[in-house]
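Colleague: Handing you this structure, nothing more for now.
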Amino acid sequence: MKVTRRQFLKVTGATVASFAVVDLGFDLSATASEVQGVRTKDVKPVPTICPFCGAGCGLVVYSRDGAPADGPQLLSVQGDPDNPINRGGACSKGSALFNIREVYSPETGEQEINPERKTKPLYRAPKSDKWVEKDWDWMFDEIANRFKKTRDENFEYKDENGIIVSRCEALASMGGAALDNEELQLISKLMRALGMTYIEHQARI
Ligand code: SF4
C-alpha cells in the first residue's frame, strides 16, 4: 500500500500522543482544564506602564483581591504582548517590578510584603551619613523652603548687558520616568514660570 507523507505524519502523531496518555494513566485534558480554572480564578489583569525608564514598556499586573491585608495579592507582572513598544518583553528591571512590593520568604515559603520596601521619605542631613524617616509634610515644607531660599538668593532679573532675563541658574529640574506626559507638562510650565533654565528628563540622559 502506498502511504502519503500526510498519512504517515497523521498515524505517527496519533500513536505518540496515545502512548503518552496511556503511559501517564489519566485523562490529561480534564486535568489541564481543572488546573487552568484554579490558577486563573478571580485573577484580575491590569495593564500599566513600567516606571523605571523612559522606554515606557507596557506591563500587565495580575492580582487577586483579598490578601495580603493591605491590598490585593500580587500574582505576577509580565510584559504586555499588546503594547507596541515592547510587544510582551521586559528587561531585567521591568521583570523585577513584582519584587518592589512582594517577595517569597525562604523561611516560611510564603509570599509576603517586601520588608525592604520604602514607604516613607528618607532624609539625610548635610554631612550626615545616616538616613532618617520623615513624614511627607515635613519633607514638602523642607523642599519648598529650600527652593524658595535658593531662588530668592540667586534670581537674576537682568544680565550683565542690562537685558531682562528673569532667570535662576542655581536650581535645576530633573523629570523621572514615573511621570506621565501631563505631569511633565505641568512641571515644565512651573519651572519655566519660576525662571529655571536647566530642565531635563531622565529619558534624554
Ligand atoms: S521594562 Fe526595562 S526597558 Fe522597559 S520601561 Fe521598564 S526599565 Fe525601561
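So you can find residues: chains in the C-alpha cells are A, B, ... in the order shown, residues in each start at 1, and ligands are numbered from 1 in order.
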Show me, as a short mmCIF file (atom, residue, chain, number, x, y, z; two decimals) with all heavy atoms, in the first residue's frame, the residues that have an atom within 7 Å of A:Leu74 when counting only C-alpha atoms, minus same-chain residues fewer than 3 positions from it.
Modeller:
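result-v3.cif written:
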```
data_model
loop_
_atom_site.label_atom_id
_atom_site.label_comp_id
_atom_site.auth_asym_id
_atom_site.auth_seq_id
_atom_site.Cartn_x
_atom_site.Cartn_y
_atom_site.Cartn_z
N TYR A 62 -1.02 41.10 37.31
CA TYR A 62 -2.08 40.14 37.65
C TYR A 62 -2.23 40.11 39.16
O TYR A 62 -1.24 39.93 39.88
CB TYR A 62 -1.72 38.74 37.15
CG TYR A 62 -1.64 38.66 35.64
CD1 TYR A 62 -0.45 38.93 34.97
CD2 TYR A 62 -2.77 38.35 34.88
CE1 TYR A 62 -0.38 38.87 33.58
CE2 TYR A 62 -2.70 38.28 33.49
CZ TYR A 62 -1.50 38.55 32.85
OH TYR A 62 -1.44 38.49 31.48
N SER A 63 -3.46 40.32 39.63
CA SER A 63 -3.68 40.34 41.08
C SER A 63 -4.99 39.66 41.42
O SER A 63 -5.87 39.48 40.58
CB SER A 63 -3.68 41.77 41.61
OG SER A 63 -4.78 42.46 41.07
N ARG A 64 -5.09 39.31 42.70
CA ARG A 64 -6.32 38.69 43.21
C ARG A 64 -6.70 39.43 44.48
O ARG A 64 -5.84 39.66 45.34
CB ARG A 64 -6.06 37.21 43.49
CG ARG A 64 -7.31 36.44 43.85
CD ARG A 64 -6.97 34.99 44.14
NE ARG A 64 -6.81 34.21 42.92
CZ ARG A 64 -5.84 33.32 42.72
NH1 ARG A 64 -4.93 33.14 43.63
NH2 ARG A 64 -5.77 32.64 41.59
#
```
Colleague: If the limit is 8 Å from any atom of ligand 1, counting only C-alpha atoms and all ligand atoms, which residues qualify? Return them as a ChimeraX atom specification.
Modeller: /A:49-59,79,86,89-95
Colleague: Please compute the atom CA of A:Leu184-atom CA of A:Arg204 distance, one decimal, in Å.
Modeller: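 Pair atom CA of A:Leu184 / atom CA of A:Arg204 returns 13.6 Å.
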Colleague: Per DSSP on the backbone, filter stretch 34-154 of chain A down to the residues in alpha helix (DSSP H) and report them as a PDB file with C-alpha atoms, in the first residue's frame.
Modeller:
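Saved result, states.pdb, follows:
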```pdb
ATOM      1  CA  GLU A  34      -9.141  21.986  36.016  1.00  0.00           C
ATOM      2  CA  VAL A  35      -5.684  23.387  36.829  1.00  0.00           C
ATOM      3  CA  GLN A  36      -6.248  26.280  34.440  1.00  0.00           C
ATOM      4  CA  GLY A  37      -9.508  27.092  36.187  1.00  0.00           C
ATOM      5  CA  VAL A  38      -7.954  27.143  39.665  1.00  0.00           C
ATOM      6  CA  ARG A  39      -4.913  29.215  38.721  1.00  0.00           C
ATOM      7  CA  THR A  40      -6.827  31.927  36.949  1.00  0.00           C
ATOM      8  CA  SER A  92      15.547  42.705  33.995  1.00  0.00           C
ATOM      9  CA  LYS A  93      14.386  45.831  35.841  1.00  0.00           C
ATOM     10  CA  GLY A  94      10.860  45.644  34.469  1.00  0.00           C
ATOM     11  CA  SER A  95      10.711  41.897  35.107  1.00  0.00           C
ATOM     12  CA  PHE A  98       6.879  42.386  41.259  1.00  0.00           C
ATOM     13  CA  ASN A  99       9.544  42.399  43.986  1.00  0.00           C
ATOM     14  CA  ILE A 100       9.128  46.089  44.739  1.00  0.00           C
ATOM     15  CA  ARG A 101       6.052  45.103  46.681  1.00  0.00           C
ATOM     16  CA  TRP A 136       5.544  63.789  53.989  1.00  0.00           C
ATOM     17  CA  ASP A 137       4.500  67.191  55.448  1.00  0.00           C
ATOM     18  CA  TRP A 138       7.969  67.788  56.852  1.00  0.00           C
ATOM     19  CA  MET A 139       9.538  66.805  53.541  1.00  0.00           C
ATOM     20  CA  PHE A 140       7.263  69.030  51.413  1.00  0.00           C
ATOM     21  CA  ASP A 141       7.888  72.039  53.695  1.00  0.00           C
ATOM     22  CA  GLU A 142      11.633  71.457  53.618  1.00  0.00           C
ATOM     23  CA  ILE A 143      11.736  71.213  49.820  1.00  0.00           C
ATOM     24  CA  ALA A 144       9.545  74.320  49.390  1.00  0.00           C
ATOM     25  CA  ASN A 145      11.587  76.382  51.873  1.00  0.00           C
ATOM     26  CA  ARG A 146      14.922  75.430  50.345  1.00  0.00           C
ATOM     27  CA  PHE A 147      13.641  76.003  46.838  1.00  0.00           C
ATOM     28  CA  LYS A 148      12.369  79.495  47.700  1.00  0.00           C
ATOM     29  CA  LYS A 149      15.508  80.458  49.598  1.00  0.00           C
ATOM     30  CA  THR A 150      17.801  79.382  46.741  1.00  0.00           C
ATOM     31  CA  ARG A 151      15.663  81.131  44.133  1.00  0.00           C
ATOM     32  CA  ASP A 152      15.415  84.361  46.170  1.00  0.00           C
ATOM     33  CA  GLU A 153      19.194  84.431  46.648  1.00  0.00           C
ATOM     34  CA  ASN A 154      20.063  83.720  43.014  1.00  0.00           C
TER      35      ASN A 154
END
```
Colleague: One decimal, Å: what's the distance from atom CA of A:Val103 over to atom CA of A:Asp65, could you say?
Modeller: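 For atom CA of A:Val103 relative to atom CA of A:Asp65, the distance reads 17.4 Å.
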Colleague: Could you state the separation of atom CA of A:Met191 and atom CA of A:Leu179 in Å, given to one decimal place?
Modeller: 15.1 Å
Colleague: Per DSSP on the backbone, filter stretch 72-179 of chain A down to the residues in strand (DSSP E or B) and report them as a ChimeraX atom specification.
Modeller: /A:73-79,102-104,111-113,122-123,132-133,156-158,164-175
Colleague: Save the residues we just selected, C-alpha atoms, as a PDB file, in the first residue's frame?
Modeller:
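Heads up, here's the output in part-v3.pdb:
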```pdb
ATOM      1  CA  GLN A  73      -2.460  39.871  46.330  1.00  0.00           C
ATOM      2  CA  LEU A  74       0.002  40.277  43.504  1.00  0.00           C
ATOM      3  CA  LEU A  75       0.498  37.141  41.459  1.00  0.00           C
ATOM      4  CA  SER A  76       2.666  38.199  38.576  1.00  0.00           C
ATOM      5  CA  VAL A  77       3.927  41.108  36.492  1.00  0.00           C
ATOM      6  CA  GLN A  78       4.558  40.366  32.802  1.00  0.00           C
ATOM      7  CA  GLY A  79       5.369  42.299  29.644  1.00  0.00           C
ATOM      8  CA  GLU A 102       6.262  41.422  47.447  1.00  0.00           C
ATOM      9  CA  VAL A 103       8.839  38.668  47.848  1.00  0.00           C
ATOM     10  CA  TYR A 104       8.815  34.980  48.625  1.00  0.00           C
ATOM     11  CA  GLN A 111       4.671  35.333  49.630  1.00  0.00           C
ATOM     12  CA  GLU A 112       4.927  38.443  51.824  1.00  0.00           C
ATOM     13  CA  ILE A 113       5.289  42.228  51.646  1.00  0.00           C
ATOM     14  CA  LEU A 122      14.109  59.257  53.944  1.00  0.00           C
ATOM     15  CA  TYR A 123      16.190  62.326  54.750  1.00  0.00           C
ATOM     16  CA  VAL A 132      16.197  59.108  58.911  1.00  0.00           C
ATOM     17  CA  GLU A 133      12.492  58.661  58.257  1.00  0.00           C
ATOM     18  CA  GLU A 156      18.640  87.347  38.029  1.00  0.00           C
ATOM     19  CA  TYR A 157      16.292  89.959  36.655  1.00  0.00           C
ATOM     20  CA  LYS A 158      18.792  91.469  34.168  1.00  0.00           C
ATOM     21  CA  ILE A 164      15.872  91.296  31.067  1.00  0.00           C
ATOM     22  CA  VAL A 165      16.354  87.535  31.553  1.00  0.00           C
ATOM     23  CA  SER A 166      14.270  86.704  34.669  1.00  0.00           C
ATOM     24  CA  ARG A 167      16.123  83.502  35.365  1.00  0.00           C
ATOM     25  CA  CYS A 168      17.586  81.402  38.157  1.00  0.00           C
ATOM     26  CA  GLU A 169      20.552  79.248  37.238  1.00  0.00           C
ATOM     27  CA  ALA A 170      21.128  77.919  40.746  1.00  0.00           C
ATOM     28  CA  LEU A 171      18.328  75.345  40.518  1.00  0.00           C
ATOM     29  CA  ALA A 172      17.636  72.530  38.103  1.00  0.00           C
ATOM     30  CA  SER A 173      14.664  70.292  37.391  1.00  0.00           C
ATOM     31  CA  MET A 174      15.026  66.607  36.607  1.00  0.00           C
ATOM     32  CA  GLY A 175      11.997  64.641  35.381  1.00  0.00           C
TER      33      GLY A 175
END
```
